[in-house]
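Quick look at data_17.cif (mmCIF, C-alpha atoms):
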data_target
loop_
_atom_site.label_atom_id
_atom_site.label_comp_id
_atom_site.auth_asym_id
_atom_site.auth_seq_id
_atom_site.Cartn_x
_atom_site.Cartn_y
_atom_site.Cartn_z
CA MET A 9 79.34 17.72 -48.51
CA ASN A 10 82.58 19.09 -49.99
CA LYS A 11 83.17 19.42 -53.74
CA ASN A 12 85.31 16.30 -54.15
CA LEU A 13 82.91 13.97 -52.35
CA ALA A 14 79.91 15.45 -54.17
CA GLU A 15 81.67 14.81 -57.48
CA TYR A 16 82.35 11.19 -56.49
CA LEU A 17 78.66 10.71 -55.77
CA LEU A 18 77.65 12.17 -59.13
CA ILE A 19 80.12 9.96 -61.00
CA PHE A 20 78.85 6.92 -59.10
CA LYS A 21 75.25 7.73 -60.05
CA GLU A 22 76.07 8.35 -63.71
CA ASN A 23 77.87 5.01 -64.02
CA GLN A 24 75.09 2.74 -62.78
CA ARG A 25 73.90 0.02 -65.13
CA ARG A 26 71.04 1.11 -67.36
CA GLU A 27 68.97 -1.97 -66.64
CA LEU A 28 68.70 -1.08 -62.93
CA SER A 29 65.39 0.38 -61.81
CA PRO A 30 65.28 4.04 -60.69
CA LYS A 31 64.46 2.85 -57.15
CA THR A 32 67.52 0.61 -57.01
CA ILE A 33 69.77 3.40 -58.26
CA ALA A 34 68.25 5.83 -55.76
CA ARG A 35 68.90 3.36 -52.93
CA LYS A 36 72.51 2.82 -53.98
CA VAL A 37 73.12 6.56 -54.28
CA TYR A 38 71.62 7.14 -50.84
CA GLU A 39 73.76 4.41 -49.25
CA THR A 40 76.89 5.84 -50.86
CA GLU A 41 75.97 9.37 -49.83
CA GLN A 42 75.68 8.28 -46.20
CA PHE A 43 79.14 6.73 -46.40
CA LEU A 44 80.63 9.90 -47.93
CA ILE A 45 79.01 12.00 -45.20
CA TYR A 46 80.70 9.69 -42.68
CA LEU A 47 84.04 10.21 -44.43
CA GLU A 48 83.64 13.97 -44.27
CA SER A 49 82.68 13.87 -40.60
CA ASN A 50 85.95 12.00 -39.99
CA GLY A 51 88.04 14.62 -41.77
CA LYS A 52 88.43 12.76 -45.07
CA ASN A 53 87.63 14.94 -48.10
CA ASP A 54 88.92 12.79 -50.97
CA LEU A 55 90.04 9.25 -51.85
CA LYS A 56 93.75 9.97 -52.16
CA ASN A 57 96.04 7.76 -50.03
CA PHE A 58 92.86 6.10 -48.83
CA ASP A 59 92.96 4.10 -45.59
CA VAL A 60 90.50 1.25 -46.07
CA THR A 61 90.03 0.78 -42.32
CA VAL A 62 87.68 3.77 -42.31
CA VAL A 63 85.26 1.70 -44.43
CA TYR A 64 85.25 -1.11 -41.88
CA LYS A 65 84.73 1.36 -39.04
CA TYR A 66 81.74 2.74 -40.93
CA ILE A 67 80.24 -0.72 -41.47
CA THR A 68 80.62 -1.67 -37.80
CA SER A 69 78.89 1.58 -36.82
CA LEU A 70 75.72 0.58 -38.64
CA ASN A 71 72.85 -0.74 -36.56
CA PHE A 72 71.03 -2.68 -39.27
CA ALA A 73 70.04 -6.26 -39.98
CA THR A 74 72.75 -8.50 -41.43
CA GLN A 75 71.11 -8.60 -44.85
CA THR A 76 70.85 -4.79 -45.00
CA ILE A 77 74.51 -4.38 -44.10
CA SER A 78 75.48 -6.93 -46.76
CA GLY A 79 73.57 -4.87 -49.32
CA ILE A 80 75.45 -1.73 -48.27
CA GLN A 81 78.74 -3.59 -48.64
CA PHE A 82 77.83 -4.58 -52.21
CA THR A 83 76.96 -0.94 -52.94
CA LEU A 84 80.27 0.32 -51.56
CA ARG A 85 82.17 -2.37 -53.47
CA ASN A 86 80.50 -1.04 -56.62
CA PHE A 87 81.41 2.52 -55.59
CA PHE A 88 85.11 1.74 -55.15
CA ASN A 89 85.21 -0.25 -58.40
CA ILE A 90 83.90 2.78 -60.30
CA MET A 91 86.27 5.16 -58.51
CA PHE A 92 89.19 2.84 -59.35
CA GLU A 93 88.17 2.61 -63.02
CA LYS A 94 88.00 6.42 -63.21
CA GLY A 95 91.44 6.78 -61.65
CA LEU A 96 90.06 8.49 -58.55
CA CYS A 97 91.12 5.82 -56.07
CA GLU A 98 94.09 3.48 -55.80
CA ILE A 99 92.10 0.46 -54.58
CA ASP A 100 89.13 -1.28 -56.15
CA GLY A 101 86.02 -2.65 -54.50
CA TYR A 102 87.29 -6.22 -54.32
CA LYS A 103 90.26 -5.11 -52.25
CA VAL A 104 87.90 -3.31 -49.90
CA PHE A 105 85.46 -6.24 -49.67
CA PRO A 106 87.13 -9.44 -50.98
CA ILE A 107 84.22 -11.50 -49.59
CA ILE A 108 80.77 -10.33 -48.55
CA PHE A 109 78.83 -12.72 -46.34
CA THR A 110 75.08 -12.75 -46.77
CA ASN A 111 72.44 -14.51 -44.72
CA LYS A 112 68.97 -13.96 -46.05
CA ARG A 113 67.53 -16.09 -43.26
CA ASP A 114 68.83 -14.04 -40.37
CA GLN A 115 65.27 -12.90 -39.74
CA ILE A 116 61.99 -14.76 -39.84
CA LEU A 117 59.67 -13.11 -42.35
CA SER A 118 56.59 -11.50 -40.84
CA TYR A 119 53.28 -13.09 -41.77
CA TYR A 120 49.70 -13.35 -40.50
CA GLN A 121 47.30 -16.23 -40.05
CA THR A 122 44.12 -16.45 -42.11
CA ASP A 123 41.89 -15.39 -39.21
CA GLU A 124 44.09 -12.33 -38.60
CA ILE A 125 43.81 -11.26 -42.24
CA LYS A 126 40.03 -11.72 -42.06
CA GLU A 127 39.97 -9.53 -38.95
CA LEU A 128 41.95 -6.88 -40.82
CA LEU A 129 39.60 -6.94 -43.82
CA LEU A 130 36.53 -6.73 -41.56
CA GLN A 131 37.63 -3.22 -40.59
CA ILE A 132 37.01 -1.98 -44.12
CA ASP A 133 33.53 -0.53 -44.63
CA PRO A 134 32.73 -0.49 -48.39
CA THR A 135 29.94 2.06 -47.80
CA LYS A 136 32.43 4.67 -46.57
CA PRO A 137 34.61 6.87 -48.81
CA ASN A 138 37.45 4.83 -50.37
CA GLY A 139 36.15 1.66 -48.72
CA VAL A 140 35.77 -0.24 -52.00
CA ARG A 141 39.15 0.99 -53.20
CA ASP A 142 40.87 -0.07 -49.97
CA LYS A 143 39.28 -3.50 -49.99
CA CYS A 144 40.30 -4.05 -53.61
CA MET A 145 43.91 -3.17 -52.86
CA LEU A 146 44.26 -5.28 -49.73
CA LEU A 147 42.50 -8.28 -51.26
CA LEU A 148 44.83 -8.09 -54.25
CA ALA A 149 47.79 -8.20 -51.87
CA ALA A 150 46.36 -11.01 -49.75
CA GLN A 151 44.93 -13.24 -52.49
CA THR A 152 47.24 -12.72 -55.46
CA GLY A 153 50.56 -11.94 -53.75
CA LEU A 154 51.24 -8.91 -55.94
CA ARG A 155 53.67 -6.36 -54.51
CA ALA A 156 52.42 -2.93 -53.48
CA SER A 157 54.13 -1.31 -56.47
CA ASP A 158 52.41 -3.72 -58.86
CA ILE A 159 48.99 -3.17 -57.27
CA LEU A 160 49.25 0.60 -57.38
CA GLY A 161 50.73 0.39 -60.87
CA LEU A 162 48.03 -1.96 -62.15
CA ARG A 163 46.76 -0.84 -65.57
CA HIS A 164 43.49 -1.49 -67.39
CA ASP A 165 45.18 -3.52 -70.13
CA GLU A 166 46.79 -5.84 -67.56
CA ILE A 167 43.45 -7.25 -66.41
CA LEU A 168 42.29 -10.01 -68.77
CA TRP A 169 38.64 -10.02 -67.73
CA ASP A 170 37.57 -12.88 -70.03
CA LYS A 171 40.33 -15.15 -68.72
CA GLN A 172 40.07 -13.87 -65.12
CA ILE A 173 43.81 -13.29 -65.01
CA ILE A 174 46.08 -10.39 -64.16
CA HIS A 175 49.14 -10.38 -66.40
CA LYS A 176 51.79 -7.72 -65.96
CA ILE A 177 55.48 -6.92 -65.99
CA GLN A 178 56.61 -6.56 -62.38
CA GLU A 179 58.01 -3.16 -61.52
CA LYS A 180 60.73 -4.51 -59.22
CA THR A 181 62.10 -7.40 -61.28
CA LYS A 182 60.87 -6.48 -64.79
CA LEU A 183 59.76 -10.12 -65.09
CA PRO A 184 56.26 -11.07 -66.29
CA VAL A 185 53.80 -12.61 -63.85
CA SER A 186 50.30 -14.00 -64.29
CA VAL A 187 47.98 -14.50 -61.32
CA PRO A 188 44.34 -15.59 -61.15
CA LEU A 189 41.73 -12.89 -60.62
CA PRO A 190 39.37 -14.28 -57.94
CA GLU A 191 35.62 -13.69 -58.38
CA ASN A 192 35.30 -11.57 -55.24
CA ILE A 193 38.07 -9.20 -56.36
CA LYS A 194 36.73 -9.07 -59.92
CA TYR A 195 33.33 -7.79 -58.82
CA LEU A 196 34.84 -5.35 -56.35
CA LEU A 197 37.05 -3.97 -59.12
CA ILE A 198 34.06 -3.57 -61.41
CA ASP A 199 32.21 -1.71 -58.63
CA TYR A 200 35.22 0.53 -58.03
CA LEU A 201 35.71 1.32 -61.73
CA LYS A 202 32.03 2.05 -62.35
CA ASN A 203 31.10 3.87 -59.17
CA HIS A 204 34.11 5.05 -57.20
CA ARG A 205 37.14 5.69 -59.40
CA PRO A 206 37.84 9.41 -59.97
CA GLU A 207 37.65 10.64 -63.56
CA SER A 208 41.11 10.55 -65.08
CA GLY A 209 42.85 10.00 -68.39
CA GLU A 210 45.41 7.81 -66.65
CA ASN A 211 45.54 4.13 -67.59
CA TYR A 212 46.10 3.07 -63.97
CA ILE A 213 43.25 1.34 -62.14
CA PHE A 214 43.76 3.10 -58.82
CA ILE A 215 43.76 6.88 -59.03
CA SER A 216 44.19 9.45 -56.26
CA GLU A 217 41.18 11.68 -55.72
CA LYS A 218 43.48 14.62 -54.99
CA THR A 219 45.98 14.41 -57.83
CA ARG A 220 44.02 12.32 -60.36
CA LYS A 221 47.31 10.43 -60.78
CA ARG A 222 48.69 7.08 -59.66
CA TYR A 223 49.28 6.60 -55.93
CA SER A 224 52.84 6.49 -54.59
CA ASP A 225 54.01 3.11 -53.28
CA SER A 226 54.07 4.28 -49.65
CA GLU A 227 50.36 5.10 -49.66
CA LEU A 228 49.28 1.46 -49.56
CA TYR A 229 51.27 1.05 -46.35
CA VAL A 230 49.40 4.00 -44.83
CA ILE A 231 46.05 2.52 -45.88
CA MET A 232 46.84 -0.93 -44.50
CA ASN A 233 48.27 0.42 -41.25
CA LYS A 234 45.06 2.38 -40.65
CA TYR A 235 43.00 -0.82 -40.63
CA PHE A 236 45.53 -2.70 -38.53
CA GLN A 237 45.17 -0.01 -35.86
CA LYS A 238 41.38 -0.47 -35.90
CA SER A 239 41.58 -4.25 -35.70
CA ALA A 240 42.13 -6.56 -32.76
CA VAL A 241 45.17 -8.16 -34.42
CA VAL A 242 48.16 -8.25 -32.08
CA ILE A 243 51.09 -7.15 -34.25
CA GLY A 244 53.84 -7.63 -31.68
CA ASN A 245 57.27 -7.52 -33.32
CA ARG A 246 55.90 -8.33 -36.76
CA LYS A 247 56.01 -5.92 -39.65
CA HIS A 248 52.60 -4.72 -40.83
CA GLY A 249 53.04 -3.40 -44.34
CA PRO A 250 51.45 -4.77 -47.53
CA HIS A 251 54.44 -7.05 -48.18
CA THR A 252 53.44 -9.12 -45.13
CA LEU A 253 50.28 -10.13 -47.00
CA ARG A 254 52.53 -11.51 -49.74
CA HIS A 255 54.47 -13.46 -47.11
CA SER A 256 51.20 -14.67 -45.61
CA LEU A 257 50.03 -16.00 -48.97
CA ALA A 258 53.32 -17.91 -49.29
CA ALA A 259 52.73 -19.37 -45.83
CA ARG A 260 49.22 -20.55 -46.76
CA LEU A 261 50.48 -22.09 -49.99
CA LEU A 262 53.15 -23.98 -48.08
CA GLU A 263 50.63 -25.17 -45.51
CA ASN A 264 48.54 -26.55 -48.39
CA ASN A 265 51.57 -28.44 -49.74
CA THR A 266 51.69 -26.35 -52.92
CA PRO A 267 54.79 -27.35 -54.95
CA MET A 268 57.63 -24.82 -54.79
CA PRO A 269 57.70 -24.22 -58.60
CA VAL A 270 54.01 -23.23 -58.42
CA ILE A 271 54.71 -20.80 -55.56
CA THR A 272 57.62 -19.39 -57.56
CA GLY A 273 55.26 -18.70 -60.47
CA ILE A 274 52.56 -17.11 -58.30
CA LEU A 275 55.02 -14.81 -56.53
CA GLY A 276 56.74 -13.92 -59.78
CA HIS A 277 60.21 -14.91 -58.61
CA LYS A 278 63.00 -15.53 -61.09
CA ASN A 279 63.91 -18.92 -59.65
CA LEU A 280 63.40 -21.36 -56.78
CA ASN A 281 66.33 -19.93 -54.83
CA THR A 282 64.44 -16.70 -54.27
CA THR A 283 61.27 -18.52 -53.28
CA SER A 284 63.13 -20.81 -50.88
CA LYS A 285 63.52 -17.98 -48.34
CA TYR A 286 59.80 -18.33 -47.67
CA LEU A 287 60.49 -21.77 -46.20
CA SER A 288 61.66 -19.97 -43.06
CA ILE A 289 58.07 -19.12 -42.18
CA ASP A 290 56.77 -22.68 -42.57
CA ILE A 291 57.79 -23.76 -39.08
CA GLU A 292 55.22 -26.56 -38.82
CA GLY A 293 56.16 -27.84 -42.25
CA LEU A 294 59.82 -27.99 -41.30
CA ARG A 295 58.94 -29.90 -38.15
CA LYS A 296 57.02 -32.47 -40.14
CA ALA A 297 59.85 -32.81 -42.64
CA ALA A 298 62.53 -33.26 -39.97
CA LEU A 299 63.98 -36.74 -39.64
CA GLU A 300 63.40 -38.57 -36.38
CA VAL A 301 66.46 -38.73 -34.14
CA PRO A 302 67.68 -42.35 -34.12
CA THR A 303 68.05 -44.08 -30.78
CA ASP A 304 70.59 -46.61 -29.57
CA GLU A 305 67.89 -49.26 -29.24
CA ASN A 306 68.04 -52.17 -31.65
#
Show me, as C-alpha cells, the structure contained in the file I just sent.
Amino acid sequence: MNKNLAEYLLIFKENQRRELSPKTIARKVYETEQFLIYLESNGKNDLKNFDVTVVYKYITSLNFATQTISGIQFTLRNFFNIMFEKGLCEIDGYKVFPIIFTNKRDQILSYYQTDEIKELLLQIDPTKPNGVRDKCMLLLAAQTGLRASDILGLRHDEILWDKQIIHKIQEKTKLPVSVPLPENIKYLLIDYLKNHRPESGENYIFISEKTRKRYSDSELYVIMNKYFQKSAVVIGNRKHGPHTLRHSLAARLLENNTPMPVITGILGHKNLNTTSKYLSIDIEGLRKAALEVPTDEN
C-alpha cells in the first residue's frame, strides 16, 4: 500500500472511539484496509478530487451477506467522516452513504434441535484427555447461552458457587449478565478444576496445556467442530460454531413460551430489539401466532 493510503489507515485507527473493543476496532481497520487496497488496485493513491463512484463499485463487488455489507458501509462512512474532519477529503461519510439499509433478518439463524445437541455431546468422552474440559465448555454454551469469548474468558471470581450463578461483564458488549449454573455443569467444573486444569497463576478457568494461558476465541470453534465431525448430525447449510448453541438455546426458550424480556436477560442483550432477531428461528411459533385468513362466508 502506498504512503498516502497507509497514512489514511493509521489516522482512521487512531481516531476510533475509546469505548470500542479492540476486536471491533480491528474489524473496522481491516474493512477499511481492504477498501484502500481496492483503491490502489484501481490507480487511486489519495483522496484528492475523489470520485465517489469508486466506493459504490467496490461495494457492488463484494460477495457478502446483506448485513455484512451494511456493516462495511457504516465503517466506510466513519472513514470518510474522519478524513473530512482532518481535511484529507472534500466529502464526508454522509455524502458517500446518505442512507444505509440494513436487514438483520436476511438470513435465518442456524440452530440445532435438542436431540442433535445431545448427539453432539455424546461424542465427548470425559475419560480421554481434555474430555472434561470440552464437555464443560460446550455445556456452558448450550445451557447458559454464553458467547465463546465469555466462556473462554470465564474467571474464578465470576462463578458464585453458593448462589449457583455465573455473573460477568460480557466481553463483546461490556454489559453485565447473570446466568444460572446448572448442577451438571457445576460438578463437571469442580472435576475439571480439581483434576484436569493445568497449573497456572492465571485467574481464567480454562487454561491451555501448551501455553498455560487463556485460550483464543477461535479454539472453541475447533473443539466443537471436531465433535460435530464425529457425530451423526447432518449440518447441511447450517453454521456449526459455538454461537449456534446460543441460537439453539434461544429457540428452546421460545418453544417453551419464555417471555422475551427473560430471554433478553439470559442472552445478555441490551434491549428487546436485539433479542427480537431470534424470532426468525421460531418458525412454528410464528405459524401459531399468525392470524387466520378470513373467508367471504358469513
| query | Leaving out segment 241-256 of chain A and any residue of its chain fewer than 3 positions from it, which residues lie within 10 Å of it when counting only C-alpha atoms, given as number ranges by chain? | reply | A: 116-128, 145-157, 226, 228-233, 235-238, 259-262, 275, 286, 289
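Within the 12 Å cut-off around Lys11 of chain A, using only C-alpha atoms and omitting residues fewer than 3 positions from it on the same chain, the listed residues are Ala14, Glu15, Tyr16, Leu17, Leu18, Leu44, Glu48, Asn53 and Asp54 of chain A.
Each of A:Ser29, A:Ser49, A:Asn10, A:Asn89 was compared to Lys182 of chain A using all atoms listed in the file, and A:Ser29 turns out to be the nearest.
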| query | How many Å lie between atom CA of Gly139 of chain A and atom CA of His204 of chain A, rounded to one decimal? | reply |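 For atom CA of Gly139 of chain A relative to atom CA of His204 of chain A, the distance reads 9.4 Å.
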| Do you know which residues are at most 10 Å from Arg222 of chain A counting only C-alpha atoms, after dropping those on the same chain fewer than 3 positions away, and could you put them as JSON, numbers by chain? | {"A": [160, 161, 162, 208, 210, 211, 212, 213, 214, 215, 216, 217, 219, 225]}
